[in-house]
Amino acid sequence: MAAAPSLRAPPLTLASTAAALRTFSRTLVLQPQKPLFTSSRALRSPPLPRFPSNLPRRRLATRASADGGNGAPDPRQFDFDLFTIGAGSGGVRASRFAATYGAKVAICELPFSTISSESAGGVGGTCVLRGCVPKKLLVYSSKYSHEFEESRGFGWTYEADPMHDWSTLIANKNAELQRLTGIYKNILQNSGVTLIEGRGKIVDPHTVDVDGKHYTARHILISVGGRPNLPDIPGIEHAIDSDAALDLPSKPEKIAIVGGGYIALEFAGIFNGLKSEVHVFIRQKKVLRGFDEEIRNFVSEQMSLRGIEFHTEETPQAILKSSDGLLSLRTNKETVDGFSHIMFATGRRPNTKNLGLEDVGVELAKNGAILVDEYSQTSVDSIWAVGDATDRLNLTPVALMEGGAFAKTVFGKEPTVPDYRAVPSAVFCQPPIGQVGLTEEQAIQEYGDVDIYTANFRPLKATLSGLPDRDFMKLIVCASTNKVLGVHMCGEDSPEIIQGIAIAVKAGLTKADFDSTVGIHPTSAEEFVTMRSPTRKIRKDPSPAMEKNVDEVRPDRNK
Amino acid sequence: MARKMLIDGELGQTIEEEKQYDFDLFVIGAGSGGVRASRTSASFGAKVAICELPFHPISSEVIGGIGGTCVIRGCVPKKILVYGAQFRGEFEDCRNFGWELSDQVDFNWKKLLHNKTQEITRLNGIYKRLLSNAGVTMFEGEGKLIDAHLVEVTQADGTTKQYSAKHILIATGSRAQRVNIPGKELAITSDEALSLDELPKRAVILGGGYIAVEFASIWRGLGAEVDLFYRKELPLRGFDDEMRAVVAKNLEGRGIRLHPGTNLSELRNGEDGIRVLTDHGDEITADVVLFATGRLPNTKRLNLQAVGVEVDKTGAIKVDEYSRTTVPNIWAVGDVTNRMNLTPVALMEGTCFSKTVFGGQPTKPDYISIPCAVFCIPPLSVVGLSEQQALEQAKSDILVYTSSFNPMKNTISGRQEKTIMKLIVDSETDKVLGASMCGPDAPEIMQGLAVALKCGATKAQFDSTVGIHPSAAEEFVTMRSITRRVAAGAKP
């Protein structure tokens, strides 16, 4: 891997290039959510990787030597060693890495558009064009209204309330996306990857058709990602999805967001921050299914305090458009009128239709996800798939990991299985969430006896701003091994704070290790190394003696 | 200062100490270290008293306040002012994100000051409650030693009382010092700077340490013209040289005028403010001159010498690795010992003291891989070794990974300011020896890395961690190629 030309660590003098490369090399994707309201499974860090079970696990050694791109006995001549369909996070990473291993690589991608379809996409993929990057840019913009509020407690005063101009934001956002897609193209070119614009379709296990032209390849990688999926209810044609929500011509005055997953909450935060009236409709009692229960409660409380109205246990049944052009959302419980926009964030589906997969024997799951083994190989030996198209753990950094592992396995002679343990993730709602490892519920199920440490406090900034903001932090510790199994936080800077913690969790560190670390004062993060007493001890077999320990002053001194 | 290792349960068991004392522990100074030691000792069953000077934001020989420097004149009020100052950058950055602000957003210093004072007064109250809830007896007044087991407390009205104790802990902290130049009385220290009646329009700061750069950022952010003078080529001596250069560049980028290699030679009263003369022969006029030129331990009036407690040249109390002074039952923690002057370190020392003396668990503070932060704007945070320190200690080659990038927010805001990250790795063991970052959220980001470093995490373990996207912090787990390899023994 050291040989791979790096996007990172450019010398200081190349700052502007560095800037470009950095943003470029970040990638991530909106995770596919299961059909209406069921999602966020993807956001958990499952204790074990979830692999499609219907694909036999073949021994890799056999396969790698058989068709590993190095002296494979196939007598055929191919146009390319690798043909990648889809130039998003996973596809670009896999292609570049494969090229650095000496493979001749081509990649195809649809023409650029901010809104994806069967015929539009763009180099960079969901993360860069319709996901992480534009989402985060809008989050930055929307956060300012809260900061203006905060600033008053710090002595700042405004002659007039700050106003927001939607079109400036969207124009600047789109200019940035154009820049990024251009950088992505350059990066591919500089790696020696042939970029072909058009829609790729598989003809046979070694042939891809791009708009009528055929290319042969020893290996084919499918990294076509996912797309938002809307339920089929009357009036759904009036609704928008996250693609459209990131590129609206004007700011919603009043918006309904249907869904309780991370995409729904992020957009609720964005529009609320930009002063739209925001209603969130969720089918369940709580948002963010799959997340730690305390986090779920805490985040909806905090979001409500910032002005978002939640409608729980409501299933949308129809969208009605009135003569004044405004929309009404009818649910099983009520009809709410006067929406300028209704957005569905009700899940994403793999983009696997009309790719010719079924015809060549690539097996798909019911939802269209490509079934792969732990090396990302499909049921056809020469065809592989990474990223959201496989619906494993739908995060950009995971697609990067899968793409890197694929290239190593197939072209680097180093069979590599992506490691799905302790993958951290974030929700950029306001306040944001960061988490790594198990939820309390998962930890109890898996380990039985766990100690829970929590802190729920008013951060220093809030004491001055006078706003009702709070931070919530949680450590989940295995009672028998002292290992930290999960860490969760909701509050300012959570995603940034959790990244370093994730290294510690991934390395299997213990609560004692956390305790031995000195805090950085004054920060929010220092709370994670100064949690001395468990909030509760959970035991499969609660004995009275043990219950008593819970309130002991310094329980951490004695096991 | 080498001492016999304390054996569990040995302390306090000698016949001589079977005497009756008013308290098991008397603590002089209720700052971070003193409060922590008192509370922890009390929780081990000790009968504890603590004395502290009356509360006021500006300290002196007779003024202090429960909570100490950190809460009243240090970390907390400083951070509050940094928060206030950061908004200026946000007002600049928000425009390209679509926000329209009136040209002038006004800043009301008195309001910030009022809210700050209200907050530290609140915290002062919380600290008092913590102590009383822990069963610690509080005395207001100036404590000094009479003998190895006797403390005299002088109250505000001048009356004195004496208390005997089996153990005495000195946790009196430190105070800002002025340099000795003509007109020095015209300058202020950080104490006053945190409580000025008026916000200066023109500020001169002398010093290159963290206090100097933090105040430079605060005053600049709140709208002042700031000139920063320091003797070295770069500020923040002791930090990684590369990061020092970055901080200097960022300060300049935010509009602070830097005067490296320059000292102040004299201050004079002028019609239009304080006339500041430099050793380069220049003169500028300022409303406020801040000396951020170091702090000295508060040991002068404690009567230490008479009791046999040794201090070093700077006045710092000499202690062994258990925080014991040259008098066996007198101990000292925190800035007064001038070891590593950070609040969390004082807390650690306080806890270790209590465990050692009252918990039957001799415990040495561990000074390895202690993270810290400088809250300039944008902030710097580090843990472990700088590149220079790593090279000094290296047995094998050092691998340096650096990353300089435009934070995503700046792609829209247009702010020209890079975030810099750096990892120092031992080529032989793959251990990450040091990490540093200068950029938004650096202190929050560094805390988790500190856990990893403290436990000897390797670069491979960093690399095996999946990133959180899109964050700045993910850069630390995606630094794939070495920026440079420096041979062991090479001159930094």
# chains A, B, ... in the order shown; residues from 1 in each chain; ligands from 1
$ residues_around --residues "Tyr21 in chain B" --least-positions-apart "4" --cutoff "9 Å" --atoms "only C-alpha atoms" --output "count of residues only"
5
$ residues_around --residues "Gln104 in chain B" --least-positions-apart "3" --cutoff "12 Å" --atoms "only C-alpha atoms" --output "tab-separated table (two decimals) with N, CA, C and O atoms, in the first residue's frame"
chain	number	residue	atom	x	y	z
A	156	TRP	N	-22.63	39.89	21.22
A	156	TRP	CA	-22.81	40.38	19.85
A	156	TRP	C	-24.25	40.81	19.63
A	156	TRP	O	-25.18	40.14	20.10
A	157	THR	N	-24.42	41.92	18.94
A	157	THR	CA	-25.78	42.40	18.67
A	157	THR	C	-25.93	42.73	17.19
A	157	THR	O	-24.98	43.14	16.53
A	158	TYR	N	-27.14	42.53	16.69
A	158	TYR	CA	-27.41	42.72	15.27
A	158	TYR	C	-28.43	43.84	15.09
A	158	TYR	O	-29.45	43.85	15.77
A	159	GLU	N	-28.12	44.71	14.15
A	159	GLU	CA	-29.09	45.77	13.84
A	159	GLU	C	-30.38	45.15	13.33
A	159	GLU	O	-31.46	45.51	13.73
A	160	ALA	N	-30.19	44.20	12.41
A	160	ALA	CA	-31.35	43.49	11.89
A	160	ALA	C	-31.01	42.00	11.93
A	160	ALA	O	-29.85	41.62	11.89
A	162	PRO	N	-30.10	38.46	10.87
A	162	PRO	CA	-29.46	37.98	9.65
A	162	PRO	C	-30.47	37.26	8.76
A	162	PRO	O	-31.31	36.53	9.24
B	88	ARG	N	-16.44	36.37	15.28
B	88	ARG	CA	-16.04	37.26	14.18
B	88	ARG	C	-15.73	36.46	12.92
B	88	ARG	O	-16.18	36.80	11.82
B	91	PHE	N	-18.85	35.30	11.29
B	91	PHE	CA	-19.55	36.34	10.53
B	91	PHE	C	-18.92	36.51	9.15
B	91	PHE	O	-19.61	36.79	8.16
B	92	GLU	N	-17.61	36.36	9.09
B	92	GLU	CA	-16.94	36.46	7.79
B	92	GLU	C	-17.29	35.25	6.92
B	92	GLU	O	-17.57	35.37	5.73
B	100	GLU	N	-26.84	37.08	5.01
B	100	GLU	CA	-26.67	38.51	4.81
B	100	GLU	C	-26.72	39.19	6.17
B	100	GLU	O	-27.74	39.15	6.86
B	101	LEU	N	-25.58	39.75	6.56
B	101	LEU	CA	-25.50	40.45	7.83
B	101	LEU	C	-25.33	41.93	7.56
B	101	LEU	O	-24.74	42.32	6.55
B	107	PHE	N	-20.38	44.61	18.95
B	107	PHE	CA	-19.97	43.78	20.07
B	107	PHE	C	-19.98	44.59	21.35
B	107	PHE	O	-19.47	45.69	21.40
B	223	GLY	N	-12.24	42.51	17.93
B	223	GLY	CA	-12.20	43.74	17.14
B	223	GLY	C	-10.99	44.63	17.34
B	223	GLY	O	-10.90	45.69	16.71
$ atom_distance --atom1 "CA of Glu358 in chain A" --atom2 "CA of Arg218 in chain A"
19.2 Å
$ residues_around --residues "Thr160 in chain B" --least-positions-apart "3" --cutoff "12 Å" --atoms "only C-alpha atoms" --output "ChimeraX atom specification"
/B:139-144,146,151-157,163
$ residues_around --residues "Phe406 in chain A" --least-positions-apart "5" --cutoff "7 Å" --atoms "only C-alpha atoms" --output "number ranges by chain"
A: 94, 375-376
$ write_last_selection --atoms "N, CA, C and O atoms" --output "CSV table (one decimal), in the first residue's frame"
chain,number,residue,atom,x,y,z
A,94,ALA,N,-11.2,1.7,-6.0
A,94,ALA,CA,-10.8,0.4,-6.5
A,94,ALA,C,-10.0,0.6,-7.8
A,94,ALA,O,-9.0,-0.1,-8.0
A,375,TYR,N,-15.0,-11.3,0.1
A,375,TYR,CA,-14.0,-10.6,-0.7
A,375,TYR,C,-14.6,-9.7,-1.8
A,375,TYR,O,-14.0,-9.2,-2.7
A,376,SER,N,-15.9,-9.5,-1.7
A,376,SER,CA,-16.7,-8.7,-2.6
A,376,SER,C,-16.9,-9.4,-4.0
A,376,SER,O,-17.1,-8.7,-5.0
$ select_by_dssp --residues "range 102-211 of chain A" --states "strand (DSSP E)" --output "list of chain:residue names"
A:Val105, A:Ala106, A:Ile107, A:Cys108, A:Glu109, A:Trp156, A:Thr157, A:Met163, A:His164, A:Thr194, A:Leu195, A:Ile196, A:Glu197, A:Gly200, A:Lys201, A:Ile202, A:Val203, A:Asp204, A:Thr207, A:Val208, A:Asp209, A:Val210
$ closest_residue --among "B:Met479, B:Ala245, B:Val486, B:Ala457" --to "Asp397 in chain B" --atoms "only C-alpha atoms"
B:Val486
$ atom_distance --atom1 "CA of Gly122 in chain A" --atom2 "CA of Ser471 in chain B"
22.8 Å
$ residues_around --residues "range 328-335 of chain A" --least-positions-apart "4" --cutoff "6 Å" --atoms "only C-alpha atoms" --output "ChimeraX atom specification"
/A:314-320
$ residues_around --residues "Tyr127 in chain B" --least-positions-apart "4" --cutoff "10 Å" --atoms "only C-alpha atoms" --output "NGL selection string"
:B and (30-32 or 35 or 65-68 or 71 or 121-123 or 131-133)
$ closest_residue --among "A:Asn174, A:Ser113, A:Thr207, A:Thr84" --to "chain B" --atoms "only C-alpha atoms"
A:Asn174
$ atom_distance --atom1 "CA of Leu475 in chain A" --atom2 "CA of Ile368 in chain B"
23.9 Å
$ closest_residue --among "B:Ser413, B:Thr326, B:Ser404, B:Thr299" --to "chain A" --atoms "only C-alpha atoms"
B:Ser404
$ residues_around --residues "range 369-382 of chain B" --least-positions-apart "2" --cutoff "6 Å" --atoms "only C-alpha atoms" --output "list of chain:residue names"
A:Val518, A:Ile520, B:Tyr210, B:Val213, B:Glu214, B:Ser217, B:Gly384, B:Ala435, B:Ser436, B:Met437, B:Cys438, B:Gly439, B:Pro440, B:Ala442, B:Pro443, B:Lys454
